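**Student:** One file is attached below, protein-v6.tsv, containing TSV, C-alpha atoms and all ligand atoms.
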```tsv
chain	number	residue	atom	x	y	z
S	14	MET	CA	-7.48	-43.33	-14.32
S	15	GLN	CA	-10.54	-42.49	-16.36
S	16	ILE	CA	-10.63	-38.71	-16.14
S	17	THR	CA	-13.63	-36.89	-17.51
S	18	GLY	CA	-12.59	-33.32	-16.78
S	19	ILE	CA	-10.56	-30.82	-14.83
S	20	GLN	CA	-11.56	-27.55	-13.22
S	21	GLN	CA	-8.37	-25.55	-13.36
S	22	THR	CA	-9.00	-23.19	-10.46
S	23	THR	CA	-11.50	-22.95	-7.63
S	24	LEU	CA	-11.56	-21.13	-4.32
S	25	VAL	CA	-14.72	-22.86	-3.13
S	26	ASP	CA	-13.71	-26.50	-2.94
S	27	TYR	CA	-11.22	-26.08	-0.11
S	28	PRO	CA	-11.84	-22.97	1.97
S	29	TRP	CA	-9.34	-20.14	1.53
S	30	LYS	CA	-7.04	-22.19	-0.70
S	31	VAL	CA	-6.61	-22.34	-4.46
S	32	ALA	CA	-7.43	-25.78	-5.81
S	33	SER	CA	-7.79	-27.68	-9.06
S	34	ILE	CA	-10.39	-30.42	-9.32
S	35	VAL	CA	-9.91	-33.65	-11.27
S	36	PHE	CA	-13.15	-35.45	-12.14
S	37	THR	CA	-13.10	-39.22	-12.57
S	38	ALA	CA	-15.64	-41.46	-14.31
S	39	GLY	CA	-17.96	-44.05	-12.79
S	40	CYS	CA	-20.05	-44.53	-9.66
S	41	GLN	CA	-21.79	-47.46	-7.97
S	42	PHE	CA	-24.85	-45.34	-7.18
S	43	ARG	CA	-27.70	-44.44	-9.46
S	44	CYS	CA	-29.09	-41.38	-7.69
S	45	PRO	CA	-32.15	-40.21	-9.61
S	46	PHE	CA	-31.03	-36.57	-9.21
S	47	CYS	CA	-27.47	-37.17	-10.51
S	48	TYR	CA	-26.75	-34.40	-12.99
S	49	ASN	CA	-24.14	-36.16	-15.06
S	50	PRO	CA	-25.37	-39.55	-16.25
S	51	GLN	CA	-22.63	-39.53	-18.95
S	52	ALA	CA	-20.02	-39.94	-16.22
S	53	VAL	CA	-21.98	-42.54	-14.25
S	54	LEU	CA	-23.71	-45.02	-16.56
S	55	PRO	CA	-21.24	-47.56	-18.04
S	56	GLU	CA	-22.80	-47.48	-21.50
S	57	LEU	CA	-22.50	-43.67	-21.65
S	58	ILE	CA	-18.97	-43.70	-20.19
S	59	ALA	CA	-18.00	-46.08	-22.99
S	60	ARG	CA	-19.67	-43.89	-25.61
S	61	TYR	CA	-17.81	-40.75	-24.47
S	62	ARG	CA	-14.53	-42.51	-23.70
S	63	SER	CA	-12.68	-40.70	-26.50
S	64	GLN	CA	-13.38	-37.39	-24.70
S	65	GLN	CA	-11.60	-38.47	-21.51
S	66	ILE	CA	-8.38	-36.67	-20.60
S	67	PRO	CA	-5.16	-38.72	-20.56
S	68	GLU	CA	-3.34	-38.77	-17.22
S	69	GLU	CA	-0.25	-37.39	-18.91
S	70	ALA	CA	-2.13	-34.22	-19.86
S	71	ILE	CA	-3.26	-33.80	-16.24
S	72	PHE	CA	0.29	-34.10	-14.93
S	73	ASN	CA	1.61	-31.70	-17.56
S	74	PHE	CA	-1.02	-29.21	-16.45
S	75	LEU	CA	-0.17	-29.71	-12.78
S	76	LYS	CA	3.55	-29.22	-13.45
S	77	GLN	CA	2.73	-25.76	-14.76
S	78	ARG	CA	0.67	-25.07	-11.64
S	79	VAL	CA	3.32	-25.81	-9.04
S	80	GLY	CA	3.47	-22.73	-6.79
S	81	LEU	CA	0.17	-21.40	-8.15
S	82	ILE	CA	-2.29	-23.85	-6.63
S	83	ASP	CA	-2.16	-25.45	-3.19
S	84	TRP	CA	-4.60	-28.34	-3.45
S	85	VAL	CA	-5.70	-30.95	-5.95
S	86	SER	CA	-9.14	-32.45	-5.34
S	87	ILE	CA	-9.86	-35.86	-6.76
S	88	CYS	CA	-13.55	-35.91	-7.15
S	89	GLY	CA	-16.19	-38.15	-8.65
S	90	TRP	CA	-18.45	-39.07	-9.67
S	91	GLU	CA	-16.86	-41.73	-7.39
S	92	PRO	CA	-13.05	-41.88	-7.54
S	93	THR	CA	-12.70	-45.11	-5.52
S	94	VAL	CA	-14.13	-47.14	-8.42
S	95	GLN	CA	-10.86	-46.39	-10.25
S	96	PRO	CA	-8.41	-49.24	-9.57
S	97	ASP	CA	-5.38	-46.95	-9.96
S	98	LEU	CA	-6.64	-44.16	-7.69
S	99	TYR	CA	-3.85	-44.78	-5.17
S	100	ASP	CA	-1.09	-44.49	-7.78
S	101	PHE	CA	-2.59	-41.36	-9.30
S	102	ALA	CA	-2.99	-39.62	-5.94
S	103	GLU	CA	0.51	-40.64	-4.88
S	104	LYS	CA	1.97	-39.01	-8.01
S	105	VAL	CA	0.03	-35.83	-7.27
S	106	LYS	CA	1.29	-35.85	-3.69
S	107	LYS	CA	4.87	-36.28	-4.84
S	108	MET	CA	4.50	-33.00	-6.72
S	109	TRP	CA	4.00	-31.41	-3.27
S	110	PHE	CA	0.34	-30.62	-3.68
S	111	CYS	CA	-2.07	-31.23	-0.83
S	112	VAL	CA	-4.54	-33.89	-1.91
S	113	LYS	CA	-8.26	-33.94	-1.15
S	114	LEU	CA	-10.50	-36.90	-1.92
S	115	ASP	CA	-14.25	-36.59	-2.42
S	116	THR	CA	-16.06	-39.88	-1.92
S	117	ASN	CA	-19.51	-41.30	-1.28
S	118	GLY	CA	-18.00	-43.64	1.32
S	119	ARG	CA	-17.77	-46.67	-0.93
S	120	ASP	CA	-14.33	-48.05	-0.02
S	121	PHE	CA	-13.07	-47.61	3.53
S	122	GLU	CA	-9.86	-49.60	3.05
S	123	ILE	CA	-8.48	-47.53	0.17
S	124	VAL	CA	-9.16	-44.28	2.03
S	125	LYS	CA	-7.49	-45.63	5.17
S	126	LYS	CA	-4.46	-46.80	3.23
S	127	MET	CA	-4.08	-43.45	1.50
S	128	VAL	CA	-4.36	-41.62	4.83
S	129	GLU	CA	-1.88	-43.91	6.55
S	130	ASP	CA	0.58	-43.53	3.67
S	131	TRP	CA	0.37	-39.72	4.00
S	132	ILE	CA	-1.16	-39.29	0.56
S	133	LEU	CA	-4.44	-37.68	1.62
S	134	ASP	CA	-4.67	-34.39	3.47
S	135	TYR	CA	-8.44	-34.06	3.48
S	136	VAL	CA	-11.43	-36.32	2.93
S	137	ALA	CA	-14.92	-35.11	2.03
S	138	VAL	CA	-17.73	-37.65	2.35
S	139	ASP	CA	-21.30	-37.38	1.08
S	140	LEU	CA	-24.36	-38.14	3.12
S	141	LYS	CA	-27.14	-38.03	0.58
S	142	TRP	CA	-30.02	-39.37	2.53
S	143	PRO	CA	-30.76	-41.17	5.84
S	144	LEU	CA	-28.86	-44.44	5.68
S	145	SER	CA	-32.03	-46.32	6.64
S	146	ASN	CA	-33.39	-45.46	3.21
S	147	TYR	CA	-30.25	-45.21	1.10
S	148	GLU	CA	-30.81	-48.35	-0.90
S	149	LYS	CA	-34.20	-47.27	-2.16
S	150	ARG	CA	-33.37	-43.63	-2.78
S	151	THR	CA	-29.95	-43.88	-4.38
S	152	TRP	CA	-30.31	-47.29	-6.07
S	153	VAL	CA	-26.93	-48.32	-4.71
S	154	SER	CA	-25.59	-51.69	-5.83
S	155	GLU	CA	-24.26	-54.06	-3.13
S	156	PHE	CA	-25.95	-52.06	-0.39
S	157	TRP	CA	-24.79	-54.05	2.68
S	158	ASP	CA	-21.20	-53.92	1.57
S	159	PHE	CA	-21.55	-50.17	1.08
S	160	LEU	CA	-23.12	-49.72	4.52
S	161	GLU	CA	-20.28	-51.55	6.22
S	162	ASN	CA	-17.72	-49.39	4.44
S	163	TYR	CA	-19.61	-46.18	5.15
S	164	LYS	CA	-19.86	-46.86	8.89
S	165	ALA	CA	-16.22	-47.93	9.13
S	166	LEU	CA	-15.13	-44.74	7.38
S	167	LEU	CA	-17.24	-42.58	9.68
S	168	ASP	CA	-15.77	-44.22	12.80
S	169	TYR	CA	-12.29	-43.80	11.38
S	170	LEU	CA	-12.69	-40.13	10.45
S	171	LYS	CA	-14.23	-39.31	13.81
S	172	THR	CA	-10.85	-40.16	15.36
S	173	TRP	CA	-9.50	-37.24	13.35
S	174	VAL	CA	-6.57	-39.05	11.78
S	175	VAL	CA	-7.00	-36.67	8.87
S	176	ASP	CA	-8.93	-33.47	8.33
S	177	TYR	CA	-12.40	-34.16	6.94
S	178	GLU	CA	-15.93	-32.99	6.33
S	179	TYR	CA	-19.33	-34.44	5.54
S	180	ARG	CA	-21.55	-32.71	3.05
S	181	SER	CA	-25.07	-33.08	1.78
S	182	THR	CA	-26.71	-31.74	-1.33
S	183	LEU	CA	-30.22	-30.81	-0.31
S	184	ILE	CA	-33.20	-30.96	-2.61
S	185	LYS	CA	-36.61	-29.51	-1.93
S	186	TRP	CA	-39.43	-32.11	-2.25
S	187	PHE	CA	-36.86	-34.92	-2.06
S	188	HIS	CA	-35.54	-34.27	1.44
S	189	GLU	CA	-38.37	-33.99	3.95
S	190	LYS	CA	-37.96	-32.50	7.43
S	191	GLU	CA	-37.83	-35.95	9.11
S	192	ASP	CA	-35.12	-37.10	6.67
S	193	LEU	CA	-32.97	-34.13	7.52
S	194	GLU	CA	-33.39	-34.68	11.27
S	195	GLU	CA	-32.31	-38.31	10.81
S	196	MET	CA	-29.28	-37.22	8.76
S	197	TRP	CA	-28.21	-34.65	11.32
S	198	MET	CA	-28.63	-37.16	14.14
S	199	TYR	CA	-26.59	-39.78	12.35
S	200	LEU	CA	-23.63	-37.46	11.98
S	201	GLN	CA	-23.58	-36.14	15.54
S	202	TRP	CA	-20.13	-35.29	16.85
S	203	ILE	CA	-18.48	-35.00	13.47
S	204	LYS	CA	-16.10	-32.12	12.88
S	205	ALA	CA	-17.74	-30.23	10.04
S	206	ARG	CA	-20.74	-30.41	7.84
S	207	TYR	CA	-21.45	-28.48	4.67
S	208	LEU	CA	-24.83	-28.07	3.05
S	209	GLN	CA	-24.96	-27.64	-0.69
S	210	ASN	CA	-27.86	-26.64	-2.82
S	211	TYR	CA	-29.29	-28.68	-5.67
S	212	LEU	CA	-28.74	-27.35	-9.18
S	213	PRO	CA	-31.50	-28.60	-11.42
S	214	GLU	CA	-29.99	-29.86	-14.68
S	215	GLU	CA	-30.29	-32.99	-16.76
S	216	THR	CA	-30.93	-35.79	-14.26
S	217	LEU	CA	-30.19	-39.49	-14.37
S	218	ASP	CA	-33.88	-40.16	-13.88
S	219	PRO	CA	-35.56	-37.87	-16.42
S	220	ASN	CA	-38.73	-37.89	-14.30
S	221	PHE	CA	-36.99	-36.73	-11.14
S	222	VAL	CA	-38.82	-33.91	-9.41
S	223	GLY	CA	-36.90	-31.61	-7.10
S	224	GLU	CA	-36.05	-27.98	-6.62
S	225	PRO	CA	-33.31	-25.93	-4.99
S	226	PHE	CA	-33.94	-24.44	-1.56
S	227	THR	CA	-33.86	-20.68	-1.22
S	228	TRP	CA	-30.96	-19.04	0.61
S	229	VAL	CA	-33.20	-18.34	3.60
S	230	GLU	CA	-34.47	-21.92	3.75
S	231	LEU	CA	-30.92	-23.26	3.61
S	232	GLN	CA	-29.88	-20.95	6.44
S	233	GLU	CA	-32.78	-22.30	8.53
S	234	LEU	CA	-31.68	-25.86	7.80
S	235	LYS	CA	-28.14	-24.93	8.72
S	236	ASN	CA	-29.30	-23.55	12.07
S	237	ILE	CA	-31.05	-26.83	12.85
S	238	ALA	CA	-28.02	-28.89	11.73
S	239	ASN	CA	-25.75	-26.71	13.85
S	240	LYS	CA	-27.24	-28.17	17.00
S	241	TYR	CA	-25.60	-31.49	16.19
S	242	VAL	CA	-22.11	-30.61	14.94
S	243	GLU	CA	-19.25	-28.34	15.88
S	244	PHE	CA	-19.42	-26.48	12.58
S	245	CYS	CA	-22.00	-26.29	9.83
S	246	SER	CA	-21.96	-24.01	6.83
S	247	VAL	CA	-23.71	-23.53	3.52
S	248	ARG	CA	-21.79	-23.73	0.25
S	249	TRP	CA	-23.77	-21.55	-2.08
S	301	LIG	S1	-23.23	-40.62	-5.91
S	301	LIG	FE1	-22.94	-38.71	-7.02
S	301	LIG	S2	-22.03	-39.32	-8.98
S	301	LIG	FE2	-22.88	-41.16	-8.04
S	301	LIG	S3	-24.92	-41.34	-8.97
S	301	LIG	FE3	-25.13	-40.25	-7.01
S	301	LIG	S4	-25.03	-38.07	-7.56
S	301	LIG	FE4	-24.23	-39.24	-9.30
```
How would this structure read if it were set down as structure tokens?
**Tutor:**
Amino acid sequence: MQITGIQQTTLVDYPWKVASIVFTAGCQFRCPFCYNPQAVLPELIARYRSQQIPEEAIFNFLKQRVGLIDWVSICGWEPTVQPDLYDFAEKVKKMWFCVKLDTNGRDFEIVKKMVEDWILDYVAVDLKWPLSNYEKRTWVSEFWDFLENYKALLDYLKTWVVDYEYRSTLIKWFHEKEDLEEMWMYLQWIKARYLQNYLPEETLDPNFVGEPFTWVELQELKNIANKYVEFCSVRW
């Protein structure tokens, strides 16, 4: 696995549980607002390769954390681009940690296999934008293949074979009211949705224009989204 970093402890990633987050390199999207181009663009990944963390160091760290943390999140940029994701997650699971996968919905089959093999305990999927406009807004490569995978994963998760959530990072000026309505409609009947705020930093597209919503604005958006799902909350 190409691992770009680890957050040793968080209480936010999985509610009420202590987790560590492992960040992997690479992503098939090119979202203009992406705040870590070094972990997404192949030429930059290659340039910073020497700074990646060897798997062995991750497992040594996790060994010391047995009994102290409950969950390990495998998070992107987009972990399913890593060919050895399954093996890595299986090793983590064998250490008796609960395993969470964060994905943009790129590879339905690998997620399904990991769920069916009892490796994954939780799946978090991004919805960045109305799917009708994903290709243009996120510059995704192989769009139709992505769309097929995304829809298959949604249908699968809706059967509740594993605990899951959908989450959206919202950006003022980028997400218009109509876009949000379309996003909420698309994910009707899902179990849980989280809204996250945009943190303006270095962006993949240096000319990207967007701002965070205020707390009050996010609460208003949450109230609207709440009409469509069982549970909606803001991660601040
Ligand atoms: S999906 Fe996430 S990691 Fe990939 S380009 Fe978009 S914001 Fe960046």
**Student:** If the limit is 6 Å from any atom of ligand LIG 301 (chain S), counting all atoms listed in the file, which residues qualify? Return them as an MDAnalysis selection string.
**Tutor:** chainID S and resid 40 42:44 47 89:91 117
**Student:** Quick one: residues within 9 Å of Thr116 in chain S, only C-alpha atoms, excluding same-chain residues fewer than 2 positions away - as a ChimeraX atom specification?
**Tutor:** /S:87-93,114,118-120,136-139
**Student:** Take the residues from that selection and put them in a file with C-alpha atoms, as a short mmCIF file (atom, residue, chain, number, x, y, z; two decimals), keeping the file's coordinate frame.
**Tutor:**
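Resulting contents of result-v4.cif:
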```cif
data_model
loop_
_atom_site.label_atom_id
_atom_site.label_comp_id
_atom_site.auth_asym_id
_atom_site.auth_seq_id
_atom_site.Cartn_x
_atom_site.Cartn_y
_atom_site.Cartn_z
CA ILE S 87 -9.86 -35.86 -6.76
CA CYS S 88 -13.55 -35.91 -7.15
CA GLY S 89 -16.19 -38.15 -8.65
CA TRP S 90 -18.45 -39.07 -9.67
CA GLU S 91 -16.86 -41.73 -7.39
CA PRO S 92 -13.05 -41.88 -7.54
CA THR S 93 -12.70 -45.11 -5.52
CA LEU S 114 -10.50 -36.90 -1.92
CA GLY S 118 -18.00 -43.64 1.32
CA ARG S 119 -17.77 -46.67 -0.93
CA ASP S 120 -14.33 -48.05 -0.02
CA VAL S 136 -11.43 -36.32 2.93
CA ALA S 137 -14.92 -35.11 2.03
CA VAL S 138 -17.73 -37.65 2.35
CA ASP S 139 -21.30 -37.38 1.08
#
```
**Student:** Just want the 12 Å neighbourhood of Asp97 in chain S, counted on all atoms listed in the file, with same-chain residues fewer than 4 positions away dropped. Output as a PyMOL selection string.
**Tutor:** chain S and resi 14-16+37+68+92-93+101-104+123
**Student:** Set the distance at 9 Å and use all atoms listed in the file: which residues neighbour Asp192 in chain S once local chain neighbours fewer than 4 positions away are removed? I'd like the list as a list of chain:residue names.
**Tutor:**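 My reading of the contact set: S:Trp142, S:Pro143, S:His188, S:Met196, S:Trp197.
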**Student:** Write the selection just made, keeping C-alpha atoms, as a CSV table (one decimal), keeping the file's coordinate frame?
**Tutor:**
```
chain,number,residue,atom,x,y,z
S,142,TRP,CA,-30.0,-39.4,2.5
S,143,PRO,CA,-30.8,-41.2,5.8
S,188,HIS,CA,-35.5,-34.3,1.4
S,196,MET,CA,-29.3,-37.2,8.8
S,197,TRP,CA,-28.2,-34.6,11.3
```
**Student:** Residues within 8 Å of Phe121 in chain S, please, as a PyMOL selection string. Count all atoms listed in the file; anything in the same chain fewer than 5 positions from it doesn't count.
**Tutor:** chain S and resi 162-163+165-166
**Student:** Provide the CA of Ala205 in chain S to CA of Lys106 in chain S distance in Å, to one decimal place.
**Tutor:** 24.1 Å
**Student:** Give the answer as one residue: which of S:Val175, S:Val35, S:Leu167, S:Leu212 has the shortest atom-to-atom distance to Leu200 in chain S, using only C-alpha atoms?
**Tutor:** S:Leu167
**Student:** Which neighbours of Tyr61 in chain S fall inside 10 Å, counting all atoms listed in the file, when residues of the same chain fewer than 5 positions from it are skipped, and could you give them as a PDB file with C-alpha atoms, in the frame of the given file?
**Tutor:**
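Resulting contents of selection_30.pdb:
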```
ATOM      1  CA  THR S  17     -13.630 -36.890 -17.510  1.00  0.00           C
ATOM      2  CA  GLN S  51     -22.630 -39.530 -18.950  1.00  0.00           C
ATOM      3  CA  ALA S  52     -20.020 -39.940 -16.220  1.00  0.00           C
ATOM      4  CA  PRO S  55     -21.240 -47.560 -18.040  1.00  0.00           C
ATOM      5  CA  GLU S  56     -22.800 -47.480 -21.500  1.00  0.00           C
TER       6      GLU S  56
END
```
**Student:** Measuring between all atoms listed in the file, which one of S:Glu155, S:Asp83, S:Asp100, S:Glu230 shows the shortest distance to Met127 in chain S?
**Tutor:**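 Comparing S:Glu155, S:Asp83, S:Asp100, S:Glu230 against Met127 in chain S, the winner is S:Asp100.
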**Student:** Between S:Tyr241, S:Leu217, S:Leu183, S:Ala32, single out the one closest to Leu57 in chain S, counting all atoms listed in the file.
**Tutor:**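 Among S:Tyr241, S:Leu217, S:Leu183, S:Ala32, it is S:Leu217 that comes nearest to Leu57 in chain S.
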**Student:** I'd like the box whose edges run along x, y and z of the file and which contains every listed atom of range 15-24 of chain S, padded by 6 Å per side; could you state its centre and edge lengths in Å, one decimal, as JSON?
**Tutor:**
```
{"center_x": -11.0, "center_y": -31.8, "center_z": -10.9, "size_x": 17.3, "size_y": 33.4, "size_z": 25.2}
```
**Student:** Quick one: of S:Gly39, S:Glu122, S:Phe72, S:Thr22, who's nearest to Tyr169 in chain S, counting only C-alpha atoms?
**Tutor:**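 Looking at the shortest contact to Tyr169 in chain S, the residue is S:Glu122.
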**Student:** Smallest atom-to-atom distance to Trp202 in chain S: which of S:Val112, S:Leu170, S:Ile71, S:Val222, using all atoms listed in the file?
**Tutor:**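 Going through S:Val112, S:Leu170, S:Ile71, S:Val222 one by one, the smallest distance to Trp202 in chain S is for S:Leu170.
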**Student:** Which residue, S:Leu140, S:Leu193, S:Val242, S:Ile184, has the smallest gap to Phe221 in chain S when you use all atoms listed in the file?
**Tutor:** S:Ile184
**Student:** Using Å and a single decimal, report how far CA of Val247 in chain S sits from CA of Gln232 in chain S.
**Tutor:**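 Computing the Euclidean distance for CA of Gln232 in chain S and CA of Val247 in chain S yields 7.3 Å.
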